[in-house]
$ cat structure-v2.cif   # mmCIF, C-alpha atoms and all ligand atoms; chains and numbers go by the auth columns
data_entry
loop_
_atom_site.group_PDB
_atom_site.id
_atom_site.type_symbol
_atom_site.label_atom_id
_atom_site.label_comp_id
_atom_site.label_asym_id
_atom_site.label_seq_id
_atom_site.Cartn_x
_atom_site.Cartn_y
_atom_site.Cartn_z
_atom_site.B_iso_or_equiv
_atom_site.auth_seq_id
_atom_site.auth_asym_id
ATOM 1 C CA MET A 1 -8.546 14.831 22.120 0.00 1 A
ATOM 2 C CA SER A 2 -7.097 15.347 18.659 0.00 2 A
ATOM 3 C CA GLY A 3 -3.885 17.378 18.352 0.00 3 A
ATOM 4 C CA ASN A 4 -5.459 19.230 15.446 0.00 4 A
ATOM 5 C CA GLU A 5 -6.925 22.474 16.790 0.00 5 A
ATOM 6 C CA LYS A 6 -9.624 22.509 14.082 0.00 6 A
ATOM 7 C CA SER A 7 -11.139 19.440 15.728 0.00 7 A
ATOM 8 C CA ALA A 8 -10.890 20.421 19.392 0.00 8 A
ATOM 9 C CA ASN A 9 -13.550 19.373 21.927 0.00 9 A
ATOM 10 C CA VAL A 10 -14.155 16.054 20.221 0.00 10 A
ATOM 11 C CA VAL A 11 -14.332 13.001 22.468 0.00 11 A
ATOM 12 C CA TRP A 12 -13.696 9.436 21.269 0.00 12 A
ATOM 13 C CA HIS A 13 -16.800 7.188 21.407 0.00 13 A
ATOM 14 C CA ASN A 14 -16.252 3.495 22.079 0.00 14 A
ATOM 15 C CA SER A 15 -18.435 0.726 20.666 0.00 15 A
ATOM 16 C CA SER A 16 -19.493 -2.411 22.565 0.00 16 A
ATOM 17 C CA VAL A 17 -18.242 -4.570 19.680 0.00 17 A
ATOM 18 C CA ASP A 18 -14.498 -4.132 19.243 0.00 18 A
ATOM 19 C CA LYS A 19 -11.726 -5.238 16.914 0.00 19 A
ATOM 20 C CA LEU A 20 -11.140 -8.480 18.838 0.00 20 A
ATOM 21 C CA ASP A 21 -14.818 -9.426 18.448 0.00 21 A
ATOM 22 C CA ARG A 22 -14.680 -8.761 14.718 0.00 22 A
ATOM 23 C CA GLN A 23 -11.439 -10.720 14.349 0.00 23 A
ATOM 24 C CA LYS A 24 -13.037 -13.675 16.125 0.00 24 A
ATOM 25 C CA LEU A 25 -15.969 -13.519 13.745 0.00 25 A
ATOM 26 C CA LEU A 26 -13.679 -13.388 10.713 0.00 26 A
ATOM 27 C CA GLN A 27 -11.010 -15.779 12.062 0.00 27 A
ATOM 28 C CA GLN A 28 -8.175 -13.473 11.019 0.00 28 A
ATOM 29 C CA LYS A 29 -6.296 -10.433 12.301 0.00 29 A
ATOM 30 C CA GLY A 30 -6.870 -6.980 10.876 0.00 30 A
ATOM 31 C CA CYS A 31 -3.702 -5.521 9.397 0.00 31 A
ATOM 32 C CA VAL A 32 -2.364 -3.400 6.561 0.00 32 A
ATOM 33 C CA ILE A 33 -0.207 -4.779 3.779 0.00 33 A
ATOM 34 C CA TRP A 34 1.410 -1.693 2.269 0.00 34 A
ATOM 35 C CA ILE A 35 2.822 -2.364 -1.213 0.00 35 A
ATOM 36 C CA THR A 36 5.236 0.363 -2.348 0.00 36 A
ATOM 37 C CA GLY A 37 7.308 0.745 -5.513 0.00 37 A
ATOM 38 C CA LEU A 38 7.694 2.489 -8.831 0.00 38 A
ATOM 39 C CA SER A 39 4.919 2.764 -11.369 0.00 39 A
ATOM 40 C CA GLY A 40 4.930 -0.520 -13.303 0.00 40 A
ATOM 41 C CA SER A 41 6.697 -2.451 -10.531 0.00 41 A
ATOM 42 C CA GLY A 42 3.686 -4.760 -10.122 0.00 42 A
ATOM 43 C CA LYS A 43 1.934 -3.335 -7.044 0.00 43 A
ATOM 44 C CA SER A 44 -1.616 -3.639 -8.368 0.00 44 A
ATOM 45 C CA THR A 45 -0.945 -7.049 -9.918 0.00 45 A
ATOM 46 C CA LEU A 46 0.396 -8.371 -6.609 0.00 46 A
ATOM 47 C CA GLY A 47 -2.483 -6.734 -4.729 0.00 47 A
ATOM 48 C CA CYS A 48 -5.012 -8.544 -6.917 0.00 48 A
ATOM 49 C CA ALA A 49 -3.180 -11.895 -6.739 0.00 49 A
ATOM 50 C CA LEU A 50 -2.974 -11.582 -2.969 0.00 50 A
ATOM 51 C CA SER A 51 -6.618 -10.625 -2.630 0.00 51 A
ATOM 52 C CA GLN A 52 -7.556 -13.672 -4.746 0.00 52 A
ATOM 53 C CA ALA A 53 -5.325 -16.011 -2.737 0.00 53 A
ATOM 54 C CA LEU A 54 -6.782 -14.754 0.556 0.00 54 A
ATOM 55 C CA HIS A 55 -10.343 -14.936 -0.754 0.00 55 A
ATOM 56 C CA SER A 56 -9.856 -18.565 -1.787 0.00 56 A
ATOM 57 C CA ARG A 57 -8.690 -19.303 1.785 0.00 57 A
ATOM 58 C CA GLY A 58 -11.861 -17.710 3.179 0.00 58 A
ATOM 59 C CA LYS A 59 -10.076 -14.560 4.377 0.00 59 A
ATOM 60 C CA LEU A 60 -11.545 -11.093 3.958 0.00 60 A
ATOM 61 C CA ALA A 61 -9.280 -8.555 2.247 0.00 61 A
ATOM 62 C CA TYR A 62 -9.839 -5.219 0.546 0.00 62 A
ATOM 63 C CA ILE A 63 -7.595 -3.367 -1.890 0.00 63 A
ATOM 64 C CA LEU A 64 -6.917 0.365 -1.698 0.00 64 A
ATOM 65 C CA ASP A 65 -5.212 1.153 -5.004 0.00 65 A
ATOM 66 C CA GLY A 66 -3.688 4.602 -5.553 0.00 66 A
ATOM 67 C CA ASP A 67 -5.026 4.856 -9.100 0.00 67 A
ATOM 68 C CA ASN A 68 -8.560 3.998 -7.935 0.00 68 A
ATOM 69 C CA ILE A 69 -8.581 6.194 -4.828 0.00 69 A
ATOM 70 C CA ARG A 70 -7.457 9.116 -6.999 0.00 70 A
ATOM 71 C CA HIS A 71 -10.741 8.677 -8.895 0.00 71 A
ATOM 72 C CA GLY A 72 -12.742 9.493 -5.747 0.00 72 A
ATOM 73 C CA LEU A 73 -11.577 10.326 -2.237 0.00 73 A
ATOM 74 C CA ASN A 74 -8.295 11.800 -3.474 0.00 74 A
ATOM 75 C CA ARG A 75 -9.413 13.255 -6.789 0.00 75 A
ATOM 76 C CA ASP A 76 -8.448 16.723 -5.532 0.00 76 A
ATOM 77 C CA LEU A 77 -4.758 15.784 -5.178 0.00 77 A
ATOM 78 C CA SER A 78 -1.950 16.239 -7.705 0.00 78 A
ATOM 79 C CA PHE A 79 1.500 14.632 -7.782 0.00 79 A
ATOM 80 C CA LYS A 80 3.425 17.472 -6.144 0.00 80 A
ATOM 81 C CA ALA A 81 5.184 16.402 -2.943 0.00 81 A
ATOM 82 C CA GLU A 82 2.665 17.835 -0.466 0.00 82 A
ATOM 83 C CA ASP A 83 -0.261 16.298 -2.363 0.00 83 A
ATOM 84 C CA ARG A 84 1.451 12.908 -2.456 0.00 84 A
ATOM 85 C CA GLU A 85 1.940 13.302 1.304 0.00 85 A
ATOM 86 C CA GLU A 86 -1.760 14.057 1.805 0.00 86 A
ATOM 87 C CA ASN A 87 -2.669 11.158 -0.506 0.00 87 A
ATOM 88 C CA ILE A 88 -0.663 8.747 1.645 0.00 88 A
ATOM 89 C CA ARG A 89 -1.938 10.264 4.901 0.00 89 A
ATOM 90 C CA ARG A 90 -5.584 9.799 3.874 0.00 90 A
ATOM 91 C CA VAL A 91 -5.049 6.276 2.567 0.00 91 A
ATOM 92 C CA GLY A 92 -3.127 5.432 5.749 0.00 92 A
ATOM 93 C CA GLU A 93 -6.087 6.574 7.841 0.00 93 A
ATOM 94 C CA VAL A 94 -8.564 4.637 5.693 0.00 94 A
ATOM 95 C CA ALA A 95 -6.332 1.543 5.851 0.00 95 A
ATOM 96 C CA LYS A 96 -6.272 1.871 9.644 0.00 96 A
ATOM 97 C CA LEU A 97 -10.087 1.827 9.674 0.00 97 A
ATOM 98 C CA PHE A 98 -10.163 -1.297 7.493 0.00 98 A
ATOM 99 C CA ALA A 99 -7.658 -3.011 9.791 0.00 99 A
ATOM 100 C CA ASP A 100 -9.779 -2.007 12.794 0.00 100 A
ATOM 101 C CA ALA A 101 -12.758 -3.558 10.998 0.00 101 A
ATOM 102 C CA GLY A 102 -10.748 -6.810 11.080 0.00 102 A
ATOM 103 C CA LEU A 103 -9.900 -6.875 7.382 0.00 103 A
ATOM 104 C CA ILE A 104 -6.599 -7.498 5.691 0.00 104 A
ATOM 105 C CA CYS A 105 -6.219 -4.183 3.913 0.00 105 A
ATOM 106 C CA ILE A 106 -3.953 -4.219 0.858 0.00 106 A
ATOM 107 C CA ALA A 107 -2.735 -0.711 -0.035 0.00 107 A
ATOM 108 C CA CYS A 108 -1.002 -0.375 -3.417 0.00 108 A
ATOM 109 C CA LEU A 109 0.562 3.055 -3.817 0.00 109 A
ATOM 110 C CA ILE A 110 3.864 4.361 -5.111 0.00 110 A
ATOM 111 C CA SER A 111 4.185 6.180 -1.747 0.00 111 A
ATOM 112 C CA PRO A 112 7.618 7.517 -2.708 0.00 112 A
ATOM 113 C CA TYR A 113 8.519 9.194 0.577 0.00 113 A
ATOM 114 C CA ARG A 114 9.851 7.132 3.462 0.00 114 A
ATOM 115 C CA LYS A 115 8.557 9.506 6.121 0.00 115 A
ATOM 116 C CA ASP A 116 5.001 9.312 4.727 0.00 116 A
ATOM 117 C CA ARG A 117 5.063 5.502 4.801 0.00 117 A
ATOM 118 C CA ASP A 118 6.525 5.601 8.315 0.00 118 A
ATOM 119 C CA SER A 119 3.693 7.906 9.422 0.00 119 A
ATOM 120 C CA CYS A 120 1.182 5.305 8.203 0.00 120 A
ATOM 121 C CA ARG A 121 3.109 2.595 10.036 0.00 121 A
ATOM 122 C CA ALA A 122 2.901 4.679 13.225 0.00 122 A
ATOM 123 C CA LEU A 123 -0.921 4.674 13.011 0.00 123 A
ATOM 124 C CA LEU A 124 -1.033 0.896 13.536 0.00 124 A
ATOM 125 C CA ALA A 125 -0.175 -1.307 16.504 0.00 125 A
ATOM 126 C CA ASP A 126 3.265 -2.948 16.326 0.00 126 A
ATOM 127 C CA GLY A 127 3.397 -5.607 13.642 0.00 127 A
ATOM 128 C CA ASN A 128 0.141 -4.645 11.978 0.00 128 A
ATOM 129 C CA PHE A 129 1.758 -2.618 9.191 0.00 129 A
ATOM 130 C CA ILE A 130 3.454 -4.965 6.772 0.00 130 A
ATOM 131 C CA GLU A 131 5.509 -3.061 4.215 0.00 131 A
ATOM 132 C CA VAL A 132 6.190 -4.863 0.946 0.00 132 A
ATOM 133 C CA PHE A 133 8.785 -3.317 -1.360 0.00 133 A
ATOM 134 C CA MET A 134 8.523 -4.086 -5.072 0.00 134 A
ATOM 135 C CA ASP A 135 12.266 -3.847 -5.708 0.00 135 A
ATOM 136 C CA MET A 136 12.123 -3.679 -9.494 0.00 136 A
ATOM 137 C CA PRO A 137 14.729 -1.777 -11.539 0.00 137 A
ATOM 138 C CA LEU A 138 13.525 1.351 -13.307 0.00 138 A
ATOM 139 C CA ASP A 139 14.449 -0.098 -16.712 0.00 139 A
ATOM 140 C CA VAL A 140 12.170 -3.110 -16.109 0.00 140 A
ATOM 141 C CA CYS A 141 9.265 -0.868 -15.055 0.00 141 A
ATOM 142 C CA GLU A 142 9.884 1.426 -17.972 0.00 142 A
ATOM 143 C CA ALA A 143 10.007 -1.441 -20.469 0.00 143 A
ATOM 144 C CA ARG A 144 6.644 -2.687 -19.164 0.00 144 A
ATOM 145 C CA ASP A 145 5.019 0.775 -19.303 0.00 145 A
ATOM 146 C CA PRO A 146 1.463 -0.635 -19.599 0.00 146 A
ATOM 147 C CA LYS A 147 -0.145 2.821 -19.573 0.00 147 A
ATOM 148 C CA GLY A 148 2.463 4.565 -21.716 0.00 148 A
ATOM 149 C CA LEU A 149 3.230 6.992 -18.872 0.00 149 A
ATOM 150 C CA TYR A 150 7.024 6.547 -18.877 0.00 150 A
ATOM 151 C CA LYS A 151 7.020 7.339 -22.571 0.00 151 A
ATOM 152 C CA LEU A 152 5.082 10.534 -21.898 0.00 152 A
ATOM 153 C CA ALA A 153 7.366 11.395 -18.957 0.00 153 A
ATOM 154 C CA ARG A 154 10.511 10.885 -21.105 0.00 154 A
ATOM 155 C CA ALA A 155 8.957 13.127 -23.738 0.00 155 A
ATOM 156 C CA GLY A 156 8.405 15.795 -21.062 0.00 156 A
ATOM 157 C CA LYS A 157 4.637 15.512 -21.406 0.00 157 A
ATOM 158 C CA ILE A 158 4.189 14.411 -17.771 0.00 158 A
ATOM 159 C CA LYS A 159 6.187 16.373 -15.207 0.00 159 A
ATOM 160 C CA ALA A 160 7.387 15.066 -11.848 0.00 160 A
ATOM 161 C CA PHE A 161 7.019 11.415 -12.805 0.00 161 A
ATOM 162 C CA THR A 162 8.374 9.106 -10.102 0.00 162 A
ATOM 163 C CA GLY A 163 11.726 7.594 -11.085 0.00 163 A
ATOM 164 C CA ILE A 164 12.204 9.983 -14.013 0.00 164 A
ATOM 165 C CA ASP A 165 12.182 13.511 -12.580 0.00 165 A
ATOM 166 C CA ASP A 166 10.705 12.871 -9.152 0.00 166 A
ATOM 167 C CA PRO A 167 12.209 10.865 -6.268 0.00 167 A
ATOM 168 C CA TYR A 168 11.504 7.399 -4.936 0.00 168 A
ATOM 169 C CA GLU A 169 12.955 6.548 -1.514 0.00 169 A
ATOM 170 C CA PRO A 170 13.230 2.770 -1.061 0.00 170 A
ATOM 171 C CA PRO A 171 12.397 1.325 2.366 0.00 171 A
ATOM 172 C CA LEU A 172 15.353 0.780 4.700 0.00 172 A
ATOM 173 C CA HIS A 173 13.668 -1.772 6.969 0.00 173 A
ATOM 174 C CA CYS A 174 10.588 -3.369 5.527 0.00 174 A
ATOM 175 C CA GLU A 175 8.959 -6.699 6.234 0.00 175 A
ATOM 176 C CA ILE A 176 9.092 -8.143 2.710 0.00 176 A
ATOM 177 C CA VAL A 177 11.258 -7.318 -0.314 0.00 177 A
ATOM 178 C CA LEU A 178 10.240 -8.778 -3.686 0.00 178 A
ATOM 179 C CA LYS A 179 13.266 -8.518 -5.910 0.00 179 A
ATOM 180 C CA HIS A 180 13.916 -8.713 -9.601 0.00 180 A
ATOM 181 C CA GLU A 181 17.101 -10.787 -9.654 0.00 181 A
ATOM 182 C CA GLU A 182 19.403 -11.680 -12.527 0.00 182 A
ATOM 183 C CA GLY A 183 16.736 -10.770 -15.040 0.00 183 A
ATOM 184 C CA ASN A 184 14.190 -13.001 -13.327 0.00 184 A
ATOM 185 C CA CYS A 185 10.981 -11.953 -11.700 0.00 185 A
ATOM 186 C CA ALA A 186 8.763 -14.240 -9.641 0.00 186 A
ATOM 187 C CA SER A 187 5.231 -14.586 -10.952 0.00 187 A
ATOM 188 C CA PRO A 188 2.463 -12.586 -9.221 0.00 188 A
ATOM 189 C CA TYR A 189 1.148 -15.910 -7.881 0.00 189 A
ATOM 190 C CA GLU A 190 4.548 -16.746 -6.315 0.00 190 A
ATOM 191 C CA MET A 191 4.820 -13.252 -4.843 0.00 191 A
ATOM 192 C CA ALA A 192 1.348 -13.558 -3.338 0.00 192 A
ATOM 193 C CA GLU A 193 2.369 -16.891 -1.784 0.00 193 A
ATOM 194 C CA THR A 194 5.432 -15.207 -0.212 0.00 194 A
ATOM 195 C CA VAL A 195 3.137 -12.671 1.457 0.00 195 A
ATOM 196 C CA ILE A 196 0.653 -15.370 2.503 0.00 196 A
ATOM 197 C CA THR A 197 3.480 -17.350 4.112 0.00 197 A
ATOM 198 C CA TYR A 198 4.469 -14.239 6.078 0.00 198 A
ATOM 199 C CA LEU A 199 0.858 -13.766 7.214 0.00 199 A
ATOM 200 C CA GLU A 200 0.532 -17.406 8.221 0.00 200 A
ATOM 201 C CA GLU A 201 3.845 -17.450 10.110 0.00 201 A
ATOM 202 C CA ASN A 202 2.925 -14.294 11.981 0.00 202 A
ATOM 203 C CA GLY A 203 -0.561 -15.416 12.981 0.00 203 A
ATOM 204 C CA TYR A 204 -2.627 -13.052 10.802 0.00 204 A
ATOM 205 C CA LEU A 205 -4.721 -15.803 9.258 0.00 205 A
ATOM 206 C CA ARG A 206 -6.241 -16.893 12.562 0.00 206 A
ATOM 207 C CA ALA A 207 -8.090 -14.939 15.265 0.00 207 A
HETATM 208 N N1 LIG B . 3.695 12.190 -11.958 0.00 301 A
HETATM 209 C C1 LIG B . 3.329 10.942 -11.672 0.00 301 A
HETATM 210 N N2 LIG B . 4.149 10.153 -10.915 0.00 301 A
HETATM 211 C C2 LIG B . 3.774 8.899 -10.633 0.00 301 A
HETATM 212 N N3 LIG B . 2.618 8.320 -11.036 0.00 301 A
HETATM 213 C C3 LIG B . 1.773 9.071 -11.768 0.00 301 A
HETATM 214 C C4 LIG B . 2.105 10.397 -12.123 0.00 301 A
HETATM 215 N N4 LIG B . 1.068 10.888 -12.862 0.00 301 A
HETATM 216 C C5 LIG B . 0.150 9.931 -12.968 0.00 301 A
HETATM 217 N N5 LIG B . 0.566 8.816 -12.313 0.00 301 A
HETATM 218 C C6 LIG B . -0.274 7.637 -12.167 0.00 301 A
HETATM 219 O O1 LIG B . -0.729 7.655 -10.819 0.00 301 A
HETATM 220 C C7 LIG B . -0.482 6.413 -10.184 0.00 301 A
HETATM 221 C C8 LIG B . 0.206 6.610 -8.824 0.00 301 A
HETATM 222 O O2 LIG B . -0.691 7.064 -7.867 0.00 301 A
HETATM 223 P P1 LIG B . -0.307 6.932 -6.337 0.00 301 A
HETATM 224 O O3 LIG B . -1.470 7.501 -5.600 0.00 301 A
HETATM 225 O O4 LIG B . 0.073 5.539 -6.042 0.00 301 A
HETATM 226 O O5 LIG B . 0.966 7.883 -6.212 0.00 301 A
HETATM 227 S S1 LIG B . 1.662 8.457 -4.909 0.00 301 A
HETATM 228 O O6 LIG B . 1.711 7.357 -3.920 0.00 301 A
HETATM 229 O O7 LIG B . 0.878 9.588 -4.420 0.00 301 A
HETATM 230 O O8 LIG B . 2.992 8.886 -5.330 0.00 301 A
HETATM 231 C C9 LIG B . 0.464 5.642 -11.058 0.00 301 A
HETATM 232 O O9 LIG B . -0.071 4.324 -11.033 0.00 301 A
HETATM 233 P P2 LIG B . 0.844 3.008 -10.967 0.00 301 A
HETATM 234 O O10 LIG B . 1.455 2.907 -12.320 0.00 301 A
HETATM 235 O O11 LIG B . -0.157 1.925 -10.686 0.00 301 A
HETATM 236 O O12 LIG B . 1.845 3.154 -9.864 0.00 301 A
HETATM 237 C C10 LIG B . 0.386 6.307 -12.420 0.00 301 A
HETATM 238 O O13 LIG B . -0.482 5.578 -13.240 0.00 301 A
HETATM 239 N N1 LIG B . 5.469 -10.485 -11.344 0.00 302 A
HETATM 240 C C1 LIG B . 5.345 -9.994 -12.573 0.00 302 A
HETATM 241 N N2 LIG B . 6.052 -10.518 -13.595 0.00 302 A
HETATM 242 C C2 LIG B . 5.933 -10.011 -14.834 0.00 302 A
HETATM 243 N N3 LIG B . 5.134 -8.972 -15.171 0.00 302 A
HETATM 244 C C3 LIG B . 4.429 -8.398 -14.186 0.00 302 A
HETATM 245 C C4 LIG B . 4.496 -8.874 -12.846 0.00 302 A
HETATM 246 N N4 LIG B . 3.705 -8.120 -12.087 0.00 302 A
HETATM 247 C C5 LIG B . 3.155 -7.205 -12.914 0.00 302 A
HETATM 248 N N5 LIG B . 3.577 -7.384 -14.177 0.00 302 A
HETATM 249 C C6 LIG B . 3.204 -6.565 -15.335 0.00 302 A
HETATM 250 O O1 LIG B . 3.798 -5.294 -15.151 0.00 302 A
HETATM 251 C C7 LIG B . 2.917 -4.276 -15.536 0.00 302 A
HETATM 252 C C8 LIG B . 2.693 -3.306 -14.384 0.00 302 A
HETATM 253 O O2 LIG B . 2.027 -3.982 -13.338 0.00 302 A
HETATM 254 P P1 LIG B . 1.101 -3.181 -12.342 0.00 302 A
HETATM 255 O O3 LIG B . 0.595 -4.158 -11.355 0.00 302 A
HETATM 256 O O4 LIG B . 0.097 -2.363 -13.068 0.00 302 A
HETATM 257 O O5 LIG B . 2.165 -2.207 -11.641 0.00 302 A
HETATM 258 P P2 LIG B . 1.943 -0.961 -10.705 0.00 302 A
HETATM 259 O O6 LIG B . 0.620 -1.134 -10.009 0.00 302 A
HETATM 260 O O7 LIG B . 3.098 -0.995 -9.752 0.00 302 A
HETATM 261 O O8 LIG B . 1.978 0.231 -11.604 0.00 302 A
HETATM 262 C C9 LIG B . 1.636 -4.955 -16.003 0.00 302 A
HETATM 263 O O9 LIG B . 1.670 -5.022 -17.419 0.00 302 A
HETATM 264 C C10 LIG B . 1.716 -6.330 -15.399 0.00 302 A
HETATM 265 O O10 LIG B . 1.082 -7.302 -16.184 0.00 302 A
#
$ encode --input "structure-v2.cif" --output "structure tokens"
Amino acid sequence: MSGNEKSANVVWHNSSVDKLDRQKLLQQKGCVIWITGLSGSGKSTLGCALSQALHSRGKLAYILDGDNIRHGLNRDLSFKAEDREENIRRVGEVAKLFADAGLICIACLISPYRKDRDSCRALLADGNFIEVFMDMPLDVCEARDPKGLYKLARAGKIKAFTGIDDPYEPPLHCEIVLKHEEGNCASPYEMAETVITYLEENGYLRA
């Protein structure tokens, strides 16, 4: 039974086809790759490169991108802390469903709060939540500014913008850190290969 009293008296219904059956069909293991980092750090670009690299290997992946989900499922949510929390909670639950479907779910969200990311991790079996930190300095993200949002935030036209006047809590223990080092940044293709190597080494690309 759910711990939420609004959904009491609800009993879980099992299906005769389960996650293991679906994984066998797809020849992969369902999991969540959670890409976190500042706006402009390259989350969506990596998500797309990774999706492409998996697709070309015959592996089924699906991207949940914060920007896109805020056009639909989460269109009712703002950027205040409790709405960001609800945003991450919902995407975490959706990602869990995709992983249960046997897919490699790639979630690209700023997800600035550690406890919210950890709550999503706790929804998955051990090992099935792979947190990727885009460890890019604010000045690099701000210089990129592809949507002009940092400029607006600096001008005070967007309030509570992550990294400017709203917090970002970097992961303490994540599976993969992609760093901007000595002014150099790996290409999206190289970053995707780093993630693919992790998936291969940990058995996610076979049933
Ligand atoms: N105040 C504020 N702070 C941060 N970002 C903002 C804000 N307002 C709008 N945007 C745009 O929304 C995108 C982030 O959405 P997310 O759902 O990933 O954010 S969060 O995880 O709930 O923090 C983010 O997209 P990315 O640049 O791809 O990260 C921005 O384009
Ligand atoms: N590895 C990279 N090296 C150089 N530029 C990148 C890299 N990844 C992304 N970019 C560029 O940075 C900008 C922000 O990337 P994006 O994926 O939209 O970030 P986010 O989803 O984190 O906001 C884009 O203009 C993109 O082309």
$ closest_residue --input "structure-v2.cif" --among "A:Thr162, A:Thr194, A:Thr36, A:Ser119" --to "ligand LIG 302 (chain A)" --atoms "all atoms listed in the file"
A:Thr36
$ residues_around --input "structure-v2.cif" --residues "A:Lys43" --least-positions-apart "5" --cutoff "12 Å" --atoms "all atoms listed in the file" --output "ChimeraX atom specification"
/A:33-38,48-50,63-67,106-111,131-136,141,178,188,191-192
$ write_last_selection --input "structure-v2.cif" --atoms "C-alpha atoms" --output "short mmCIF file (atom, residue, chain, number, x, y, z; two decimals), in the frame of the given file"
data_model
loop_
_atom_site.label_atom_id
_atom_site.label_comp_id
_atom_site.auth_asym_id
_atom_site.auth_seq_id
_atom_site.Cartn_x
_atom_site.Cartn_y
_atom_site.Cartn_z
CA ILE A 33 -0.21 -4.78 3.78
CA TRP A 34 1.41 -1.69 2.27
CA ILE A 35 2.82 -2.36 -1.21
CA THR A 36 5.24 0.36 -2.35
CA GLY A 37 7.31 0.74 -5.51
CA LEU A 38 7.69 2.49 -8.83
CA CYS A 48 -5.01 -8.54 -6.92
CA ALA A 49 -3.18 -11.90 -6.74
CA LEU A 50 -2.97 -11.58 -2.97
CA ILE A 63 -7.60 -3.37 -1.89
CA LEU A 64 -6.92 0.36 -1.70
CA ASP A 65 -5.21 1.15 -5.00
CA GLY A 66 -3.69 4.60 -5.55
CA ASP A 67 -5.03 4.86 -9.10
CA ILE A 106 -3.95 -4.22 0.86
CA ALA A 107 -2.74 -0.71 -0.04
CA CYS A 108 -1.00 -0.38 -3.42
CA LEU A 109 0.56 3.06 -3.82
CA ILE A 110 3.86 4.36 -5.11
CA SER A 111 4.18 6.18 -1.75
CA GLU A 131 5.51 -3.06 4.22
CA VAL A 132 6.19 -4.86 0.95
CA PHE A 133 8.78 -3.32 -1.36
CA MET A 134 8.52 -4.09 -5.07
CA ASP A 135 12.27 -3.85 -5.71
CA MET A 136 12.12 -3.68 -9.49
CA CYS A 141 9.26 -0.87 -15.06
CA LEU A 178 10.24 -8.78 -3.69
CA PRO A 188 2.46 -12.59 -9.22
CA MET A 191 4.82 -13.25 -4.84
CA ALA A 192 1.35 -13.56 -3.34
#
$ axis_aligned_box --input "structure-v2.cif" --around "ligand LIG 302 (chain A)" --padding-each-side "3 Å" --output "lines of an AutoDock Vina configuration file"
center_x = 3.1
center_y = -5.1
center_z = -13.6
size_x = 12.0
size_y = 16.7
size_z = 13.7
$ resolve_selection --input "structure-v2.cif" --expression "the PyMOL selection byres (((chain A and resi 94) around 12) and not hetatm)" --output "PyMOL selection string"
chain A and resi 31-32+62-65+69+73-74+87-93+95-101+103+105-107+120+123-124
$ residues_near_ligand --input "structure-v2.cif" --ligand "ligand LIG 302 (chain A)" --cutoff "7 Å" --atoms "all atoms listed in the file" --output "VMD selection string"
chain A and resid 37 to 46 108 144 to 146 185 to 188
$ decode --input "structure-v2.cif" --residues "stretch 29-42 of chain A" --atoms "C-alpha atoms" --output "mmCIF file, in the first residue's frame"
data_model
loop_
_atom_site.group_PDB
_atom_site.id
_atom_site.type_symbol
_atom_site.label_atom_id
_atom_site.label_comp_id
_atom_site.auth_asym_id
_atom_site.auth_seq_id
_atom_site.Cartn_x
_atom_site.Cartn_y
_atom_site.Cartn_z
ATOM 1 C CA LYS A 29 19.227 -3.606 -18.896
ATOM 2 C CA GLY A 30 16.748 -0.901 -17.990
ATOM 3 C CA CYS A 31 18.382 1.920 -16.061
ATOM 4 C CA VAL A 32 18.381 5.675 -15.575
ATOM 5 C CA ILE A 33 21.248 7.902 -16.630
ATOM 6 C CA TRP A 34 20.667 11.111 -14.683
ATOM 7 C CA ILE A 35 22.604 14.056 -16.149
ATOM 8 C CA THR A 36 22.809 17.002 -13.734
ATOM 9 C CA GLY A 37 24.524 20.383 -14.015
ATOM 10 C CA LEU A 38 24.110 24.085 -14.581
ATOM 11 C CA SER A 39 22.161 25.541 -17.462
ATOM 12 C CA GLY A 40 24.531 25.537 -20.447
ATOM 13 C CA SER A 41 26.758 22.797 -19.010
ATOM 14 C CA GLY A 42 25.926 20.489 -21.933
#
